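See structure below.
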Amino acid sequence: MPRPSQPGSLSEGMENFGRRSGDAYLESMVKTASPARLRLMLIERAVEVSRHLANHWNTQPGKRGTNEYSLKLLELLSELLSGVTDSSVDVCRTVADLYVFLCQHLIAAEANGDSTMIDEIRLVLETEAETWRMVCAREGDKAVANKRVANALSDGGGLNLQG
């Protein structure tokens, strides 16, 4: 009888069982993303989860309060807060305070079962996401410019200091 994971065994090919086809793509994106892009990805996921949470509470009023969506949203907000590390910089303190407020607002929304409070969290996160999209776009512009310079220099088209 073949051993597990060997050809012909029942578990052949099971190492990826349960993984969605997009997981490998997402894993690749995370491994190659800049810190700014990673932060944007977290914020975008938090927006998505907050949208699902508000929708869940609106469509199933008897199931308001803490659930898998609210726990995931709190986890994402906490991760975003943990990424703000330099408390000596004013803007970092302000951003940290914002994420503490969002966590507190989420906890209050869970206690009240108030989906409008979740919508307020989502609106703040959408604004934050737009800011980070602009940061990532500027990063991309710099990367393209640096690549052009590198290509120009590597093609022998560098500086000619001879007259």
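By convention in this document, the chains of the structure tokens carry letters A, B, ... by their order, each chain's residues are numbered from 1, and ligands are numbered from 1 in the order they are shown.
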Neighbours of segment 47-64 of chain A within 8 Å (only C-alpha atoms; same-chain residues fewer than 2 positions away dropped), as a VMD selection string? chain A and resid 43 to 45 66 to 67 69 to 70 72 to 73 110 113 to 116 118 to 119 121 to 122 125 to 126
Dump of N, CA, C and O atoms for the selected residues, as a PDB file, in the first residue's frame:
ATOM      1  N   ILE A  43      -5.726  47.479   4.646  1.00  0.00           N
ATOM      2  CA  ILE A  43      -6.825  48.445   4.727  1.00  0.00           C
ATOM      3  C   ILE A  43      -7.959  48.029   3.789  1.00  0.00           C
ATOM      4  O   ILE A  43      -9.139  48.060   4.168  1.00  0.00           O
ATOM      5  N   GLU A  44      -7.616  47.621   2.572  1.00  0.00           N
ATOM      6  CA  GLU A  44      -8.645  47.200   1.622  1.00  0.00           C
ATOM      7  C   GLU A  44      -9.404  45.979   2.137  1.00  0.00           C
ATOM      8  O   GLU A  44     -10.620  45.874   1.964  1.00  0.00           O
ATOM      9  N   ARG A  45      -8.689  45.072   2.779  1.00  0.00           N
ATOM     10  CA  ARG A  45      -9.352  43.892   3.358  1.00  0.00           C
ATOM     11  C   ARG A  45     -10.281  44.329   4.497  1.00  0.00           C
ATOM     12  O   ARG A  45     -11.390  43.811   4.638  1.00  0.00           O
ATOM     13  N   THR A  66     -21.110  40.440  18.226  1.00  0.00           N
ATOM     14  CA  THR A  66     -19.837  39.827  17.864  1.00  0.00           C
ATOM     15  C   THR A  66     -20.059  38.594  16.997  1.00  0.00           C
ATOM     16  O   THR A  66     -20.895  37.749  17.307  1.00  0.00           O
ATOM     17  N   ASN A  67     -19.316  38.522  15.904  1.00  0.00           N
ATOM     18  CA  ASN A  67     -19.344  37.350  15.025  1.00  0.00           C
ATOM     19  C   ASN A  67     -18.007  37.256  14.302  1.00  0.00           C
ATOM     20  O   ASN A  67     -17.074  38.013  14.595  1.00  0.00           O
ATOM     21  N   TYR A  69     -17.091  38.176  11.372  1.00  0.00           N
ATOM     22  CA  TYR A  69     -16.707  39.392  10.658  1.00  0.00           C
ATOM     23  C   TYR A  69     -16.183  40.462  11.614  1.00  0.00           C
ATOM     24  O   TYR A  69     -15.187  41.123  11.338  1.00  0.00           O
ATOM     25  N   SER A  70     -16.863  40.634  12.730  1.00  0.00           N
ATOM     26  CA  SER A  70     -16.421  41.665  13.676  1.00  0.00           C
ATOM     27  C   SER A  70     -15.077  41.292  14.290  1.00  0.00           C
ATOM     28  O   SER A  70     -14.229  42.160  14.509  1.00  0.00           O
ATOM     29  N   LYS A  72     -12.758  39.474  12.804  1.00  0.00           N
ATOM     30  CA  LYS A  72     -11.765  39.667  11.739  1.00  0.00           C
ATOM     31  C   LYS A  72     -11.450  41.154  11.575  1.00  0.00           C
ATOM     32  O   LYS A  72     -10.286  41.534  11.399  1.00  0.00           O
ATOM     33  N   LEU A  73     -12.474  41.984  11.637  1.00  0.00           N
ATOM     34  CA  LEU A  73     -12.263  43.423  11.509  1.00  0.00           C
ATOM     35  C   LEU A  73     -11.405  43.942  12.665  1.00  0.00           C
ATOM     36  O   LEU A  73     -10.484  44.731  12.446  1.00  0.00           O
ATOM     37  N   GLU A 110     -20.587  46.601  18.261  1.00  0.00           N
ATOM     38  CA  GLU A 110     -20.958  45.220  18.612  1.00  0.00           C
ATOM     39  C   GLU A 110     -21.948  45.209  19.775  1.00  0.00           C
ATOM     40  O   GLU A 110     -22.921  44.454  19.762  1.00  0.00           O
ATOM     41  N   GLY A 113     -25.140  46.607  18.298  1.00  0.00           N
ATOM     42  CA  GLY A 113     -25.632  45.989  17.069  1.00  0.00           C
ATOM     43  C   GLY A 113     -25.959  47.025  16.012  1.00  0.00           C
ATOM     44  O   GLY A 113     -26.888  46.861  15.222  1.00  0.00           O
ATOM     45  N   ASP A 114     -25.185  48.112  15.986  1.00  0.00           N
ATOM     46  CA  ASP A 114     -25.473  49.258  15.124  1.00  0.00           C
ATOM     47  C   ASP A 114     -24.639  49.207  13.843  1.00  0.00           C
ATOM     48  O   ASP A 114     -23.443  49.499  13.850  1.00  0.00           O
ATOM     49  N   SER A 115     -25.280  48.871  12.741  1.00  0.00           N
ATOM     50  CA  SER A 115     -24.564  48.757  11.466  1.00  0.00           C
ATOM     51  C   SER A 115     -24.115  50.118  10.933  1.00  0.00           C
ATOM     52  O   SER A 115     -23.147  50.179  10.162  1.00  0.00           O
ATOM     53  N   THR A 116     -24.772  51.202  11.326  1.00  0.00           N
ATOM     54  CA  THR A 116     -24.325  52.523  10.857  1.00  0.00           C
ATOM     55  C   THR A 116     -22.956  52.861  11.431  1.00  0.00           C
ATOM     56  O   THR A 116     -22.175  53.558  10.784  1.00  0.00           O
ATOM     57  N   ILE A 118     -20.630  50.670  11.882  1.00  0.00           N
ATOM     58  CA  ILE A 118     -19.704  49.909  11.033  1.00  0.00           C
ATOM     59  C   ILE A 118     -19.500  50.654   9.714  1.00  0.00           C
ATOM     60  O   ILE A 118     -18.383  50.717   9.193  1.00  0.00           O
ATOM     61  N   ASP A 119     -20.569  51.246   9.186  1.00  0.00           N
ATOM     62  CA  ASP A 119     -20.444  52.053   7.965  1.00  0.00           C
ATOM     63  C   ASP A 119     -19.510  53.241   8.190  1.00  0.00           C
ATOM     64  O   ASP A 119     -18.742  53.615   7.297  1.00  0.00           O
ATOM     65  N   ILE A 121     -16.964  53.290  10.274  1.00  0.00           N
ATOM     66  CA  ILE A 121     -15.614  52.714  10.268  1.00  0.00           C
ATOM     67  C   ILE A 121     -15.160  52.491   8.828  1.00  0.00           C
ATOM     68  O   ILE A 121     -14.033  52.830   8.459  1.00  0.00           O
ATOM     69  N   ARG A 122     -16.053  51.938   8.010  1.00  0.00           N
ATOM     70  CA  ARG A 122     -15.724  51.675   6.612  1.00  0.00           C
ATOM     71  C   ARG A 122     -15.370  52.963   5.863  1.00  0.00           C
ATOM     72  O   ARG A 122     -14.416  52.993   5.084  1.00  0.00           O
ATOM     73  N   LEU A 125     -11.920  53.997   6.754  1.00  0.00           N
ATOM     74  CA  LEU A 125     -10.960  53.091   6.120  1.00  0.00           C
ATOM     75  C   LEU A 125     -10.858  53.339   4.619  1.00  0.00           C
ATOM     76  O   LEU A 125      -9.772  53.239   4.043  1.00  0.00           O
ATOM     77  N   GLU A 126     -11.971  53.664   3.977  1.00  0.00           N
ATOM     78  CA  GLU A 126     -11.936  53.967   2.538  1.00  0.00           C
ATOM     79  C   GLU A 126     -11.099  55.212   2.269  1.00  0.00           C
ATOM     80  O   GLU A 126     -10.353  55.263   1.289  1.00  0.00           O
TER      81      GLU A 126
END
Test item: residues at most 9 Å from Leu77 of chain A, only C-alpha atoms, excluding those fewer than 6 positions along its chain, as a VMD selection string: chain A and resid 42 to 43 46 99 to 100 102 to 103
Keeping only N, CA, C and O atoms, write the selected residues as a PDB file, in the first residue's frame.
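Saved as part_19.pdb:
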ATOM      1  N   LEU A  42      -3.993  45.498   3.636  1.00  0.00           N
ATOM      2  CA  LEU A  42      -4.686  45.306   4.916  1.00  0.00           C
ATOM      3  C   LEU A  42      -5.903  46.234   5.030  1.00  0.00           C
ATOM      4  O   LEU A  42      -6.983  45.807   5.453  1.00  0.00           O
ATOM      5  N   ILE A  43      -5.726  47.479   4.646  1.00  0.00           N
ATOM      6  CA  ILE A  43      -6.825  48.445   4.727  1.00  0.00           C
ATOM      7  C   ILE A  43      -7.959  48.029   3.789  1.00  0.00           C
ATOM      8  O   ILE A  43      -9.139  48.060   4.168  1.00  0.00           O
ATOM      9  N   ALA A  46      -9.855  45.284   5.310  1.00  0.00           N
ATOM     10  CA  ALA A  46     -10.690  45.782   6.405  1.00  0.00           C
ATOM     11  C   ALA A  46     -11.954  46.451   5.861  1.00  0.00           C
ATOM     12  O   ALA A  46     -13.037  46.301   6.436  1.00  0.00           O
ATOM     13  N   TYR A  99      -6.668  54.554  14.912  1.00  0.00           N
ATOM     14  CA  TYR A  99      -6.947  53.116  14.934  1.00  0.00           C
ATOM     15  C   TYR A  99      -7.452  52.655  16.298  1.00  0.00           C
ATOM     16  O   TYR A  99      -8.296  51.755  16.370  1.00  0.00           O
ATOM     17  N   VAL A 100      -6.992  53.277  17.370  1.00  0.00           N
ATOM     18  CA  VAL A 100      -7.545  52.974  18.693  1.00  0.00           C
ATOM     19  C   VAL A 100      -9.018  53.365  18.720  1.00  0.00           C
ATOM     20  O   VAL A 100      -9.872  52.607  19.193  1.00  0.00           O
ATOM     21  N   LEU A 102     -11.046  53.568  16.142  1.00  0.00           N
ATOM     22  CA  LEU A 102     -11.812  52.641  15.300  1.00  0.00           C
ATOM     23  C   LEU A 102     -12.078  51.328  16.037  1.00  0.00           C
ATOM     24  O   LEU A 102     -13.181  50.766  15.926  1.00  0.00           O
ATOM     25  N   CYS A 103     -11.101  50.848  16.793  1.00  0.00           N
ATOM     26  CA  CYS A 103     -11.297  49.624  17.589  1.00  0.00           C
ATOM     27  C   CYS A 103     -12.384  49.843  18.640  1.00  0.00           C
ATOM     28  O   CYS A 103     -13.274  48.997  18.820  1.00  0.00           O
TER      29      CYS A 103
END
Would you compute the distance between atom CA of Glu139 of chain A and atom CA of Ser34 of chain A? Give it in Å to one decimal. 8.9 Å
Each residue of segment 35-93 of chain A with at least one atom at most 7 Å from segment 130-138 of chain A should appear once, together with its nearest atom pair and the corresponding distance in Å (one decimal); atoms considered: only C-alpha atoms; ordering: chain, then increasing residue number; output as a tab-separated table.
residue	atom	partner	partner_atom	distance
A:Ala36	CA	A:Cys136	CA	6.3
A:Arg37	CA	A:Cys136	CA	6.1
A:Leu40	CA	A:Trp132	CA	5.7
